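**Q** Dropping in run_23.cif, with mmCIF, C-alpha atoms.
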data_query
#
loop_
_atom_site.label_atom_id
_atom_site.label_comp_id
_atom_site.auth_asym_id
_atom_site.auth_seq_id
_atom_site.Cartn_x
_atom_site.Cartn_y
_atom_site.Cartn_z
CA MET A 168 -50.58 17.49 19.39
CA ALA A 169 -49.00 19.36 16.51
CA THR A 170 -51.28 21.39 14.30
CA SER A 171 -51.63 19.66 10.93
CA THR A 172 -53.82 19.53 7.86
CA ASN A 173 -55.95 16.88 9.54
CA PRO A 174 -59.56 18.10 9.20
CA ALA A 175 -60.18 16.98 12.78
CA SER A 176 -57.77 19.63 14.08
CA PRO A 177 -59.59 22.40 15.97
CA SER A 178 -59.96 25.70 14.18
CA LEU A 179 -58.07 28.70 15.52
CA SER A 180 -59.30 32.25 15.52
CA ALA A 181 -56.93 34.69 13.88
CA ALA A 182 -56.92 36.85 16.97
CA HIS A 183 -55.59 34.06 19.22
CA ALA A 184 -53.53 32.03 16.74
CA PRO A 185 -49.92 31.42 17.78
CA GLU A 186 -47.13 32.51 15.47
CA VAL A 187 -44.27 30.78 13.65
CA ASN A 188 -41.09 32.21 12.14
CA TRP A 189 -39.96 29.59 9.62
CA LEU A 190 -41.30 27.42 6.82
CA PHE A 191 -39.13 24.36 6.09
CA LEU A 192 -39.70 22.39 2.88
CA ASP A 193 -38.53 18.78 2.45
CA LEU A 194 -39.12 17.15 -0.93
CA ASN A 195 -40.30 13.56 -0.58
CA SER A 196 -38.25 10.81 -2.28
CA TYR A 197 -36.86 13.54 -4.49
CA PHE A 198 -34.61 11.70 -6.99
CA ALA A 199 -37.15 8.91 -7.50
CA SER A 200 -40.05 11.38 -7.78
CA VAL A 201 -38.26 13.32 -10.53
CA GLU A 202 -37.75 10.07 -12.45
CA GLN A 203 -41.45 9.28 -12.06
CA GLU A 204 -42.32 12.77 -13.28
CA VAL A 205 -40.29 12.57 -16.50
CA ARG A 206 -41.16 8.90 -17.11
CA PRO A 207 -44.93 8.44 -16.61
CA GLU A 208 -44.60 4.66 -16.98
CA LEU A 209 -42.80 4.61 -13.60
CA ARG A 210 -45.61 6.31 -11.70
CA ASN A 211 -47.23 4.27 -8.92
CA ARG A 212 -44.47 1.68 -9.27
CA PRO A 213 -41.58 0.90 -6.88
CA VAL A 214 -38.50 2.71 -8.19
CA ALA A 215 -34.93 2.89 -6.89
CA VAL A 216 -32.26 5.26 -8.17
CA VAL A 217 -28.77 3.73 -8.27
CA PRO A 218 -25.30 5.03 -9.19
CA SER A 219 -24.93 2.37 -11.90
CA LEU A 220 -26.97 -0.57 -13.15
CA VAL A 221 -25.04 -3.36 -11.45
CA ASP A 222 -26.05 -5.73 -8.64
CA THR A 223 -23.08 -4.78 -6.47
CA THR A 224 -24.11 -1.19 -5.79
CA CYS A 225 -26.73 0.29 -3.46
CA CYS A 226 -29.85 2.42 -3.77
CA ILE A 227 -29.29 6.16 -3.36
CA ALA A 228 -33.03 6.94 -3.38
CA ALA A 229 -36.30 5.03 -3.38
CA SER A 230 -39.87 5.95 -4.28
CA TYR A 231 -42.52 5.61 -1.60
CA GLU A 232 -43.87 2.54 -3.37
CA ALA A 233 -40.43 0.97 -2.83
CA LYS A 234 -40.08 2.30 0.74
CA TRP A 235 -43.35 0.64 1.69
CA ARG A 236 -41.72 -2.67 0.67
CA GLY A 237 -38.68 -2.09 2.87
CA VAL A 238 -36.28 -0.58 0.32
CA LYS A 239 -34.48 2.53 1.55
CA THR A 240 -31.37 4.59 0.92
CA GLY A 241 -28.33 2.34 1.30
CA THR A 242 -30.15 -0.92 0.54
CA MET A 243 -28.03 -3.13 -1.71
CA VAL A 244 -29.51 -3.81 -5.15
CA ARG A 245 -29.62 -7.57 -4.61
CA GLU A 246 -31.45 -7.15 -1.31
CA ALA A 247 -33.84 -4.60 -2.84
CA ARG A 248 -34.75 -7.13 -5.52
CA GLU A 249 -35.45 -9.75 -2.85
CA LEU A 250 -37.63 -7.36 -0.88
CA CYS A 251 -39.48 -6.12 -3.96
CA PRO A 252 -39.12 -8.34 -7.07
CA GLU A 253 -41.04 -5.87 -9.27
CA ILE A 254 -38.79 -2.92 -8.41
CA VAL A 255 -37.43 -0.82 -11.30
CA PHE A 256 -33.83 0.39 -11.05
CA VAL A 257 -32.93 3.70 -12.70
CA GLU A 258 -29.42 5.09 -13.09
CA GLY A 259 -29.15 8.50 -11.46
CA ARG A 260 -29.25 11.57 -13.71
CA HIS A 261 -27.92 14.32 -11.49
CA GLU A 262 -28.04 17.08 -14.08
CA LEU A 263 -31.80 16.41 -14.31
CA TYR A 264 -32.21 16.64 -10.53
CA THR A 265 -30.36 19.97 -10.50
CA GLU A 266 -32.62 21.25 -13.28
CA TYR A 267 -35.73 20.31 -11.32
CA HIS A 268 -34.23 21.71 -8.12
CA ASN A 269 -33.98 25.11 -9.80
CA LYS A 270 -37.55 24.82 -11.09
CA ILE A 271 -38.76 24.07 -7.58
CA ILE A 272 -36.97 27.13 -6.17
CA LYS A 273 -38.69 29.26 -8.80
CA ALA A 274 -42.09 27.76 -7.91
CA VAL A 275 -41.57 28.31 -4.18
CA GLU A 276 -40.47 31.88 -4.78
CA SER A 277 -43.70 32.57 -6.64
CA CYS A 278 -45.20 32.32 -3.13
CA ILE A 279 -42.39 33.35 -0.75
CA PRO A 280 -38.65 34.09 -1.08
CA VAL A 281 -36.31 31.19 -0.26
CA THR A 282 -34.02 32.27 2.56
CA ALA A 283 -31.56 29.37 2.30
CA VAL A 284 -31.09 26.12 0.41
CA ARG A 285 -30.18 23.40 2.90
CA SER A 286 -29.66 20.55 0.43
CA ILE A 287 -30.76 19.23 -2.95
CA ASP A 288 -34.19 18.45 -1.47
CA GLU A 289 -34.54 20.93 1.39
CA MET A 290 -34.97 24.70 1.66
CA VAL A 291 -36.10 27.13 4.31
CA CYS A 292 -38.11 30.37 4.15
CA GLN A 293 -38.28 33.06 6.83
CA LEU A 294 -41.75 34.35 7.61
CA ILE A 295 -42.34 38.02 8.34
CA GLY A 296 -45.22 40.28 9.28
CA ARG A 297 -48.66 38.78 8.74
CA GLU A 298 -47.13 35.59 7.35
CA ARG A 299 -46.17 34.59 10.90
CA SER A 300 -49.76 34.05 12.00
CA LEU A 301 -50.31 30.29 12.18
CA LEU A 302 -53.40 30.39 9.96
CA ALA A 303 -51.60 32.50 7.34
CA ALA A 304 -48.51 30.26 7.52
CA MET A 305 -50.61 27.11 7.05
CA ASP A 306 -52.28 28.69 4.03
CA LEU A 307 -48.86 29.66 2.66
CA GLY A 308 -47.65 26.08 3.09
CA ARG A 309 -50.60 24.82 1.05
CA ARG A 310 -49.94 27.39 -1.67
CA VAL A 311 -46.27 26.35 -1.87
CA LYS A 312 -47.29 22.71 -2.32
CA GLU A 313 -49.79 23.64 -5.03
CA ALA A 314 -47.24 25.82 -6.83
CA ILE A 315 -44.78 22.93 -7.01
CA ARG A 316 -47.44 20.55 -8.33
CA LYS A 317 -48.70 22.99 -10.97
CA GLN A 318 -45.43 24.61 -12.06
CA VAL A 319 -42.99 21.69 -11.77
CA GLY A 320 -44.77 18.35 -11.71
CA SER A 321 -47.76 16.49 -10.27
CA THR A 322 -45.60 13.66 -8.83
CA LEU A 323 -43.41 16.01 -6.79
CA ARG A 324 -44.67 16.01 -3.23
CA CYS A 325 -43.15 17.75 -0.26
CA SER A 326 -43.56 17.90 3.50
CA VAL A 327 -43.77 21.40 4.99
CA GLY A 328 -42.87 22.17 8.58
CA LEU A 329 -43.76 25.42 10.39
CA ALA A 330 -42.17 26.39 13.70
CA PRO A 331 -40.60 29.21 15.75
CA ASN A 332 -37.09 28.16 14.63
CA GLN A 333 -35.50 26.26 11.77
CA TYR A 334 -34.59 23.24 13.90
CA LEU A 335 -38.17 22.61 14.99
CA ALA A 336 -39.44 23.30 11.47
CA LYS A 337 -37.13 20.57 10.18
CA ILE A 338 -38.47 18.18 12.83
CA ALA A 339 -42.02 19.05 11.76
CA THR A 340 -41.33 17.99 8.15
CA ASP A 341 -40.53 14.46 9.34
CA MET A 342 -43.67 14.06 11.43
CA GLU A 343 -46.11 13.58 8.55
CA LYS A 344 -44.76 12.02 5.35
CA PRO A 345 -45.36 12.03 2.49
CA ASP A 346 -47.03 15.33 1.58
CA GLY A 347 -47.41 16.54 5.16
CA LEU A 348 -48.08 19.99 6.58
CA VAL A 349 -47.30 20.23 10.31
CA ALA A 350 -46.87 23.19 12.63
CA LEU A 351 -45.00 23.03 15.93
CA THR A 352 -45.96 26.11 17.91
CA LYS A 353 -44.71 26.89 21.41
CA ASP A 354 -48.01 25.96 23.01
CA VAL A 355 -47.88 22.35 21.72
CA LEU A 356 -44.13 21.66 21.92
CA LYS A 357 -44.15 19.58 25.09
CA GLU A 358 -46.89 17.22 23.92
CA ALA A 359 -45.70 17.00 20.30
CA LEU A 360 -42.01 16.39 21.05
CA ALA A 361 -42.84 13.74 23.65
CA THR A 362 -44.20 11.53 20.85
CA LEU A 363 -40.80 11.36 19.12
CA LYS A 364 -37.81 9.08 19.53
CA LEU A 365 -34.43 10.53 20.44
CA GLN A 366 -33.03 9.77 16.98
CA ASP A 367 -35.90 11.73 15.42
CA LEU A 368 -34.00 14.85 16.50
CA PRO A 369 -31.70 16.11 13.70
CA GLY A 370 -28.10 15.60 14.76
CA VAL A 371 -28.88 12.77 17.18
CA GLY A 372 -27.51 9.52 15.79
CA ALA A 373 -26.73 6.18 17.39
CA ARG A 374 -23.57 7.46 19.08
CA THR A 375 -25.28 10.52 20.63
CA GLU A 376 -28.25 8.41 21.71
CA LYS A 377 -25.89 5.99 23.45
CA ARG A 378 -24.26 8.90 25.26
CA LEU A 379 -27.66 10.18 26.37
CA ASN A 380 -28.71 6.69 27.50
CA GLU A 381 -25.57 6.42 29.63
CA LYS A 382 -26.60 9.67 31.32
CA GLY A 383 -30.11 8.42 32.08
CA ILE A 384 -31.94 9.85 29.04
CA HIS A 385 -33.80 6.99 27.34
CA SER A 386 -36.74 8.82 25.78
CA MET A 387 -37.93 12.23 24.68
CA ALA A 388 -39.97 12.38 27.88
CA ASP A 389 -36.73 12.08 29.86
CA LEU A 390 -35.13 14.85 27.78
CA MET A 391 -38.14 17.13 28.08
CA ALA A 392 -38.05 16.71 31.86
CA VAL A 393 -34.47 18.02 31.83
CA LEU A 394 -35.46 20.96 29.63
CA GLU A 395 -38.08 21.99 32.17
CA ASN A 396 -35.68 21.98 35.15
CA ASP A 397 -34.58 25.25 36.71
CA HIS A 398 -31.05 24.35 35.59
CA GLY A 399 -32.14 22.74 32.31
CA ARG A 400 -29.87 24.82 30.11
CA GLU A 401 -26.72 23.82 32.01
CA GLN A 402 -27.85 20.20 32.32
CA THR A 403 -28.56 19.92 28.60
CA GLY A 404 -25.09 21.29 27.89
CA GLU A 405 -23.62 18.62 30.15
CA LEU A 406 -25.62 15.88 28.42
CA TRP A 407 -24.11 16.77 25.04
CA GLY A 408 -20.74 17.74 26.45
CA SER A 409 -20.50 20.66 24.04
CA VAL A 410 -22.09 23.96 23.05
CA TRP A 411 -24.64 21.99 21.03
CA GLY A 412 -26.35 20.97 24.25
CA GLU A 413 -27.18 24.57 25.12
CA ARG A 414 -28.31 25.21 21.56
CA MET A 415 -30.62 22.20 21.76
CA TRP A 416 -32.10 23.62 24.96
CA HIS A 417 -32.91 26.88 23.19
CA TRP A 418 -34.21 25.24 20.04
CA LEU A 419 -36.42 22.66 21.78
CA ASN A 420 -37.86 25.44 23.92
CA GLY A 421 -38.84 27.31 20.76
CA ASP A 422 -36.20 30.08 20.86
CA ASP A 423 -35.15 31.50 17.49
CA PHE A 424 -31.56 32.58 16.97
CA ASP A 425 -28.83 32.42 14.34
CA LEU A 426 -25.78 30.21 14.74
CA ASP A 427 -22.49 31.83 15.60
CA GLU A 428 -20.99 33.47 12.52
CA ASN A 429 -17.89 31.32 13.05
CA GLU A 430 -19.87 28.11 12.54
CA HIS A 431 -18.40 26.05 9.71
CA ALA A 432 -18.25 22.51 8.43
CA LYS A 433 -15.95 20.33 10.50
CA SER A 434 -15.29 17.84 7.69
CA MET A 435 -15.84 17.40 3.98
CA GLY A 436 -15.56 14.21 2.02
CA HIS A 437 -16.86 12.06 -0.78
CA GLN A 438 -17.47 8.34 -1.14
CA HIS A 439 -18.02 6.07 -4.10
CA VAL A 440 -19.04 2.49 -4.83
CA LEU A 441 -16.67 1.38 -7.58
CA ALA A 442 -17.90 0.06 -10.91
CA PRO A 443 -16.62 -3.49 -11.56
CA VAL A 444 -14.02 -2.34 -14.11
CA PHE A 445 -12.40 -0.12 -11.47
CA ARG A 446 -12.18 -2.76 -8.73
CA ASN A 447 -8.42 -3.00 -8.95
CA PRO A 448 -5.60 -1.00 -7.32
CA GLU A 449 -4.98 1.26 -10.33
CA GLY A 450 -8.63 2.08 -10.95
CA ALA A 451 -9.36 2.58 -7.25
CA TRP A 452 -6.41 4.95 -6.87
CA ALA A 453 -7.71 7.06 -9.77
CA VAL A 454 -11.15 7.27 -8.14
CA ALA A 455 -9.65 8.09 -4.73
CA HIS A 456 -7.69 10.86 -6.40
CA LYS A 457 -10.86 12.32 -7.87
CA LEU A 458 -12.75 12.13 -4.57
CA LEU A 459 -9.95 14.12 -2.97
CA HIS A 460 -10.04 16.65 -5.81
CA LYS A 461 -13.79 17.19 -5.31
CA ALA A 462 -13.52 17.53 -1.53
CA ALA A 463 -10.58 19.95 -1.81
CA MET A 464 -12.47 22.17 -4.26
CA ARG A 465 -15.44 22.35 -1.89
CA MET A 466 -13.16 23.09 1.04
CA ARG A 467 -11.37 25.92 -0.74
CA GLY A 468 -14.72 27.28 -1.94
CA GLU A 469 -15.77 27.72 1.69
CA LYS A 470 -12.36 29.15 2.62
CA LEU A 471 -11.45 26.33 4.98
CA TRP A 472 -8.14 24.62 5.72
CA ALA A 473 -7.65 20.92 6.49
CA SER A 474 -5.63 19.56 9.40
CA ARG A 475 -6.42 15.85 8.86
CA ILE A 476 -7.09 13.52 5.95
CA GLY A 477 -8.75 10.10 6.14
CA LEU A 478 -9.12 7.19 3.72
CA THR A 479 -11.50 4.23 3.93
CA ILE A 480 -11.41 1.24 1.57
CA ALA A 481 -13.78 -1.73 1.58
CA PHE A 482 -12.85 -4.90 -0.25
CA MET A 483 -14.91 -7.54 -2.01
CA GLY A 484 -15.31 -10.74 0.00
CA LYS A 485 -16.39 -14.24 -0.78
CA SER A 486 -19.87 -13.64 0.62
CA ARG A 487 -22.13 -10.68 1.16
CA MET A 488 -24.11 -10.26 4.34
CA ARG A 489 -27.77 -9.32 4.01
CA GLY A 490 -28.41 -5.86 5.42
CA SER A 491 -24.75 -4.87 5.41
CA SER A 492 -23.54 -1.31 4.90
CA PRO A 493 -22.85 0.18 1.45
CA PHE A 494 -19.20 -0.79 2.01
CA GLY A 495 -20.29 -4.24 1.13
CA PRO A 496 -19.72 -7.57 2.67
CA SER A 497 -18.45 -7.54 6.25
CA ARG A 498 -16.78 -5.26 8.72
CA SER A 499 -13.51 -7.26 8.67
CA GLU A 500 -13.04 -6.46 4.99
CA SER A 501 -12.95 -2.68 5.39
CA TRP A 502 -9.88 -0.62 6.33
CA SER A 503 -9.46 2.99 7.43
CA ALA A 504 -6.53 5.25 8.19
CA GLU A 505 -6.02 8.91 9.02
CA MET A 506 -3.07 11.26 9.27
CA ARG A 507 -2.48 14.76 10.62
CA LEU A 508 -1.50 17.66 8.38
CA LEU A 509 -0.17 21.13 8.83
CA GLU A 510 -3.18 23.24 7.94
CA CYS A 511 -3.31 23.23 4.15
CA GLN A 512 -5.51 23.74 1.10
CA ASP A 513 -3.26 23.01 -1.88
CA ASN A 514 -3.58 19.94 -4.07
CA ALA A 515 0.09 18.93 -3.95
CA THR A 516 0.17 18.58 -0.16
CA LEU A 517 -3.16 16.77 -0.05
CA ILE A 518 -2.23 14.37 -2.87
CA ASN A 519 1.06 13.50 -1.16
CA ALA A 520 -0.80 12.78 2.06
CA LEU A 521 -3.35 10.61 0.26
CA ARG A 522 -0.51 8.75 -1.46
CA LYS A 523 1.05 7.96 1.92
CA LEU A 524 -2.25 6.62 3.23
CA TRP A 525 -2.74 4.61 0.05
CA GLY A 526 0.66 3.02 0.57
CA GLU A 527 -0.44 1.82 4.00
CA ARG A 528 -3.48 -0.08 2.73
CA PRO A 529 -3.54 -3.85 3.42
CA GLN A 530 -2.01 -6.14 0.84
CA GLY A 531 -2.58 -9.78 -0.08
CA PRO A 532 -5.16 -11.95 -1.88
CA ALA A 533 -8.06 -10.80 0.31
CA TYR A 534 -7.48 -7.15 -0.62
CA ARG A 535 -7.13 -7.28 -4.39
CA GLN A 536 -10.64 -6.04 -5.20
CA PRO A 537 -11.49 -2.62 -3.69
CA PHE A 538 -15.25 -2.18 -3.60
CA PHE A 539 -15.88 1.14 -1.88
CA LEU A 540 -13.81 4.29 -1.26
CA SER A 541 -14.20 7.28 1.02
CA VAL A 542 -11.88 10.28 1.29
CA VAL A 543 -12.49 12.81 4.07
CA LEU A 544 -10.79 16.11 4.92
CA SER A 545 -11.39 16.93 8.57
CA GLY A 546 -10.28 19.18 11.39
CA LEU A 547 -11.32 22.05 9.13
CA VAL A 548 -10.30 25.54 10.15
CA PRO A 549 -11.79 28.78 8.73
CA GLU A 550 -9.39 31.11 6.98
CA ALA A 551 -9.75 33.74 9.71
CA ARG A 552 -8.34 31.24 12.22
CA HIS A 553 -5.75 29.62 9.98
CA THR A 554 -2.34 29.54 11.66
CA LEU A 555 0.56 30.52 9.43
CA THR A 556 3.73 28.45 9.77
CA LEU A 557 7.32 29.58 9.55
CA PHE A 558 7.59 27.75 6.24
CA ASP A 559 4.57 29.22 4.44
CA ALA A 560 6.66 31.76 2.56
CA GLN A 561 9.58 29.42 1.92
CA ASP A 562 8.25 26.02 0.86
CA GLY A 563 6.26 27.13 -2.20
CA SER A 564 2.86 26.65 -0.51
CA VAL A 565 1.73 30.17 -1.44
CA GLY A 566 2.36 29.45 -5.12
CA ARG A 567 0.65 26.07 -4.86
CA GLN A 568 -2.32 27.71 -3.21
CA ARG A 569 -2.65 30.26 -6.03
CA LEU A 570 -2.41 27.47 -8.57
CA ALA A 571 -5.20 25.53 -6.81
CA GLU A 572 -7.43 28.61 -6.74
CA THR A 573 -6.84 29.20 -10.45
CA MET A 574 -7.68 25.56 -11.23
CA ASP A 575 -10.85 25.79 -9.16
CA THR A 576 -11.97 28.91 -11.01
CA LEU A 577 -11.50 27.27 -14.41
CA ASN A 578 -13.08 23.97 -13.32
CA HIS A 579 -16.15 25.72 -11.93
CA LYS A 580 -16.54 27.68 -15.17
CA TYR A 581 -15.78 25.03 -17.79
CA GLY A 582 -16.29 21.71 -16.01
CA MET A 583 -14.47 19.75 -13.37
CA SER A 584 -12.18 17.88 -15.77
CA THR A 585 -10.80 21.07 -17.37
CA LEU A 586 -7.69 21.04 -15.20
CA ALA A 587 -6.89 17.98 -13.11
CA PRO A 588 -3.94 15.75 -12.16
CA ALA A 589 -3.34 13.16 -14.86
CA THR A 590 -3.52 10.29 -12.35
CA MET A 591 -7.24 10.80 -11.82
CA LEU A 592 -8.40 11.26 -15.42
CA ALA A 593 -9.23 7.58 -15.75
CA ALA A 594 -11.76 7.96 -12.95
CA TYR A 595 -14.13 10.36 -14.67
CA GLU A 596 -16.13 7.68 -16.44
CA SER A 597 -16.41 5.56 -13.31
CA ALA A 598 -16.95 8.38 -10.81
CA PRO A 599 -18.77 11.19 -12.60
CA THR A 600 -19.65 14.22 -10.55
CA ARG A 601 -22.65 13.43 -8.38
CA ILE A 602 -24.95 15.61 -6.35
CA SER A 603 -25.09 14.73 -2.70
CA PHE A 604 -28.23 15.41 -0.71
CA ARG A 605 -26.33 18.12 1.19
CA THR A 606 -24.88 20.16 -1.68
CA VAL A 607 -26.16 21.58 -4.93
CA PRO A 608 -23.88 23.07 -7.60
CA GLU A 609 -23.91 26.85 -8.02
CA ILE A 610 -26.74 27.67 -5.64
CA PHE A 611 -26.94 31.43 -5.32
CA ASP A 612 -27.27 33.23 -2.01
CA HIS A 613 -30.94 33.65 -1.10
CA SER A 614 -30.38 35.51 2.16
CA GLN A 615 -32.57 38.60 2.60
CA LYS A 616 -33.83 38.26 -0.98
CA GLY A 617 -37.17 39.94 -1.50
CA ILE A 618 -37.73 40.95 2.10
CA SER A 619 -38.72 44.53 1.33
CA SER A 620 -41.42 43.48 -1.11
CA ARG A 621 -43.22 41.55 1.63
CA LEU A 622 -43.37 44.26 4.32
#
Show how you would write the structure in this file as structure tokens.
**A**
Amino acid sequence: MATSTNPASPSLSAAHAPEVNWLFLDLNSYFASVEQEVRPELRNRPVAVVPSLVDTTCCIAASYEAKWRGVKTGTMVREARELCPEIVFVEGRHELYTEYHNKIIKAVESCIPVTAVRSIDEMVCQLIGRERSLLAAMDLGRRVKEAIRKQVGSTLRCSVGLAPNQYLAKIATDMEKPDGLVALTKDVLKEALATLKLQDLPGVGARTEKRLNEKGIHSMADLMAVLENDHGREQTGELWGSVWGERMWHWLNGDDFDLDENEHAKSMGHQHVLAPVFRNPEGAWAVAHKLLHKAAMRMRGEKLWASRIGLTIAFMGKSRMRGSSPFGPSRSESWSAEMRLLECQDNATLINALRKLWGERPQGPAYRQPFFLSVVLSGLVPEARHTLTLFDAQDGSVGRQRLAETMDTLNHKYGMSTLAPATMLAAYESAPTRISFRTVPEIFDHSQKGISSRL
């Protein structure tokens, strides 16, 4: 089994201890834990963080006391109250979570440099030299946990995963929660991974699991048997039907390598559950406009170009199904559409495309109250592979692109509402800038930081 902090685990001599290359840190119930830290009266009580204090929204985070009662991310407020009548709902304070995120980075870096920030509640550290010994890495994991508790807050717990590569280290963080410390070394991989479910693998969702099932893979034992074949690498590639299959083969076998430098996000988007006052066509359009603005800024910041845009709207119904998605009531009351674009980045082109999609939305009495919106830019292409068109120099797109870049610079410096289309200004109160679990504002580059001091 995986090496853990369990006192029953056999001791390892330093001379024969296996090595690991990465320490992955996953903060447990992060948003809710920060609220419990700053508000002592919430400690040891079920807490859920919500976008706004209304019954028609969903939980974006839950404390472990709430999770043990069945409340999780995406649970509707009304259902959460049924599952846990004593639950306390707290409106999210994303500036506070960013502040604590930065404090946590500082605490971790008092023990080891942070190589990369993966999300608001995840970060990864590369181990070098003597740190790679399993015993030293386990001790380092404990010191990181203690530094967070002492320097940031006693309620902030984290799970630490140690492994030969980042993928396995991420898996290790999910094997013992909350407050776990698990190492997946090459000598225990087969036994440890066999205890998991297919969807425990990062990147394997319901759709991928269905694909694997159709190809005869119904368990991790089935997948591990493929990995061990003489032609396992090719077979794993065929199972996934893409380059990710071969990468999975390497990762699950404990190989450590960097992703191709051309790797980039394939889509970027934002979604929002509308406040009651904005559940009308005018208010929803303003919010949709802002979601596009946020996604476009992120896209340009990563020097990507969009070739598709998608819009999803869910509408209020007469009844709400228990356990439904954050869209709300029922599948028949949601609508989606997508359109192709010539590769673009500028606001004017994207807004015109969104306006066309908006004009195609369903009409009639059943569609008068939008409840949920999602705007997604997809088919993203990195700047190095962007294809110029014959019209780039003639249709004003170059000027529009420069204008968008100037707006982004000012908005990043002075706030997102500094320069924005007038049609979305009404949305700022309803859809303030939020922090997703995958992105954190103004995170600096940690790569290679402090390496020389640890040699």
**Q** Calculated over only C-alpha atoms, which of the candidates A:Arg236, A:His385, A:Lys364, A:His261 has the smallest distance to A:Glu249?
**A**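 That would be A:Arg236, the residue with the smallest distance to A:Glu249.
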**Q** Given the file above and the PyMOL selection byres ((chain A and resi 471) around 8), which residues are selected, and can you give them as a ChimeraX atom specification?
**A** /A:466-470,472-473,512,547-550
**Q** Mind dumping the selected residues with C-alpha atoms as a PDB file, in the frame of the given file?
**A**
ATOM      1  CA  MET A 466     -13.160  23.090   1.040  1.00  0.00           C
ATOM      2  CA  ARG A 467     -11.370  25.920  -0.740  1.00  0.00           C
ATOM      3  CA  GLY A 468     -14.720  27.280  -1.940  1.00  0.00           C
ATOM      4  CA  GLU A 469     -15.770  27.720   1.690  1.00  0.00           C
ATOM      5  CA  LYS A 470     -12.360  29.150   2.620  1.00  0.00           C
ATOM      6  CA  TRP A 472      -8.140  24.620   5.720  1.00  0.00           C
ATOM      7  CA  ALA A 473      -7.650  20.920   6.490  1.00  0.00           C
ATOM      8  CA  GLN A 512      -5.510  23.740   1.100  1.00  0.00           C
ATOM      9  CA  LEU A 547     -11.320  22.050   9.130  1.00  0.00           C
ATOM     10  CA  VAL A 548     -10.300  25.540  10.150  1.00  0.00           C
ATOM     11  CA  PRO A 549     -11.790  28.780   8.730  1.00  0.00           C
ATOM     12  CA  GLU A 550      -9.390  31.110   6.980  1.00  0.00           C
TER      13      GLU A 550
END
**Q** Would you work out the distance separating atom CA of A:Val410 from atom CA of A:Gly383, expressed in Å to one decimal?
**A** 19.7 Å
**Q** Within 12 Å of (-33.9, 19.5, -14.4) (file coordinates; all atoms listed in the file), which protein or nucleic acid residues are there? I'd like them as an MDAnalysis selection string.
**A** chainID A and resid 197:198 201:202 204:205 260:272 287 319:320
**Q** Could you write out that same residue set with C-alpha atoms as a PDB file, in the coordinates of the input?
**A**
ATOM      1  CA  TYR A 197     -36.860  13.540  -4.490  1.00  0.00           C
ATOM      2  CA  PHE A 198     -34.610  11.700  -6.990  1.00  0.00           C
ATOM      3  CA  VAL A 201     -38.260  13.320 -10.530  1.00  0.00           C
ATOM      4  CA  GLU A 202     -37.750  10.070 -12.450  1.00  0.00           C
ATOM      5  CA  GLU A 204     -42.320  12.770 -13.280  1.00  0.00           C
ATOM      6  CA  VAL A 205     -40.290  12.570 -16.500  1.00  0.00           C
ATOM      7  CA  ARG A 260     -29.250  11.570 -13.710  1.00  0.00           C
ATOM      8  CA  HIS A 261     -27.920  14.320 -11.490  1.00  0.00           C
ATOM      9  CA  GLU A 262     -28.040  17.080 -14.080  1.00  0.00           C
ATOM     10  CA  LEU A 263     -31.800  16.410 -14.310  1.00  0.00           C
ATOM     11  CA  TYR A 264     -32.210  16.640 -10.530  1.00  0.00           C
ATOM     12  CA  THR A 265     -30.360  19.970 -10.500  1.00  0.00           C
ATOM     13  CA  GLU A 266     -32.620  21.250 -13.280  1.00  0.00           C
ATOM     14  CA  TYR A 267     -35.730  20.310 -11.320  1.00  0.00           C
ATOM     15  CA  HIS A 268     -34.230  21.710  -8.120  1.00  0.00           C
ATOM     16  CA  ASN A 269     -33.980  25.110  -9.800  1.00  0.00           C
ATOM     17  CA  LYS A 270     -37.550  24.820 -11.090  1.00  0.00           C
ATOM     18  CA  ILE A 271     -38.760  24.070  -7.580  1.00  0.00           C
ATOM     19  CA  ILE A 272     -36.970  27.130  -6.170  1.00  0.00           C
ATOM     20  CA  ILE A 287     -30.760  19.230  -2.950  1.00  0.00           C
ATOM     21  CA  VAL A 319     -42.990  21.690 -11.770  1.00  0.00           C
ATOM     22  CA  GLY A 320     -44.770  18.350 -11.710  1.00  0.00           C
TER      23      GLY A 320
END
**Q** If you count all atoms listed in the file, which residues fall within 12 Å of A:Gly308, apart from same-chain ones fewer than 2 positions away, as number ranges by chain?
**A** A: 171-172, 189-193, 275, 278-279, 291-292, 294, 298-299, 301-306, 310-315, 325-330, 340, 346-350
**Q** Write out as a ChimeraX atom specification each polymer residue whose atoms come within 9 Å of A:Asp367, counting only C-alpha atoms; drop sequence neighbours fewer than 5 positions from it.
**A** /A:338,341,372
**Q** Supply stretch 414-418 of chain A as a short mmCIF file (atom, residue, chain, number, x, y, z; two decimals), in the coordinates of the input, with N, CA and C atoms built in where the input has gaps.
**A**
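What landed in rebuild-v3.cif:
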data_model
loop_
_atom_site.label_atom_id
_atom_site.label_comp_id
_atom_site.auth_asym_id
_atom_site.auth_seq_id
_atom_site.Cartn_x
_atom_site.Cartn_y
_atom_site.Cartn_z
N ARG A 414 -27.52 24.84 22.74
CA ARG A 414 -28.31 25.21 21.56
C ARG A 414 -29.58 24.36 21.48
N MET A 415 -29.45 23.07 21.77
CA MET A 415 -30.62 22.20 21.76
C MET A 415 -31.65 22.68 22.78
N TRP A 416 -31.18 23.12 23.93
CA TRP A 416 -32.10 23.62 24.96
C TRP A 416 -32.91 24.80 24.41
N HIS A 417 -32.22 25.72 23.76
CA HIS A 417 -32.91 26.88 23.19
C HIS A 417 -33.87 26.45 22.09
N TRP A 418 -33.38 25.62 21.17
CA TRP A 418 -34.21 25.24 20.04
C TRP A 418 -35.46 24.48 20.49
#
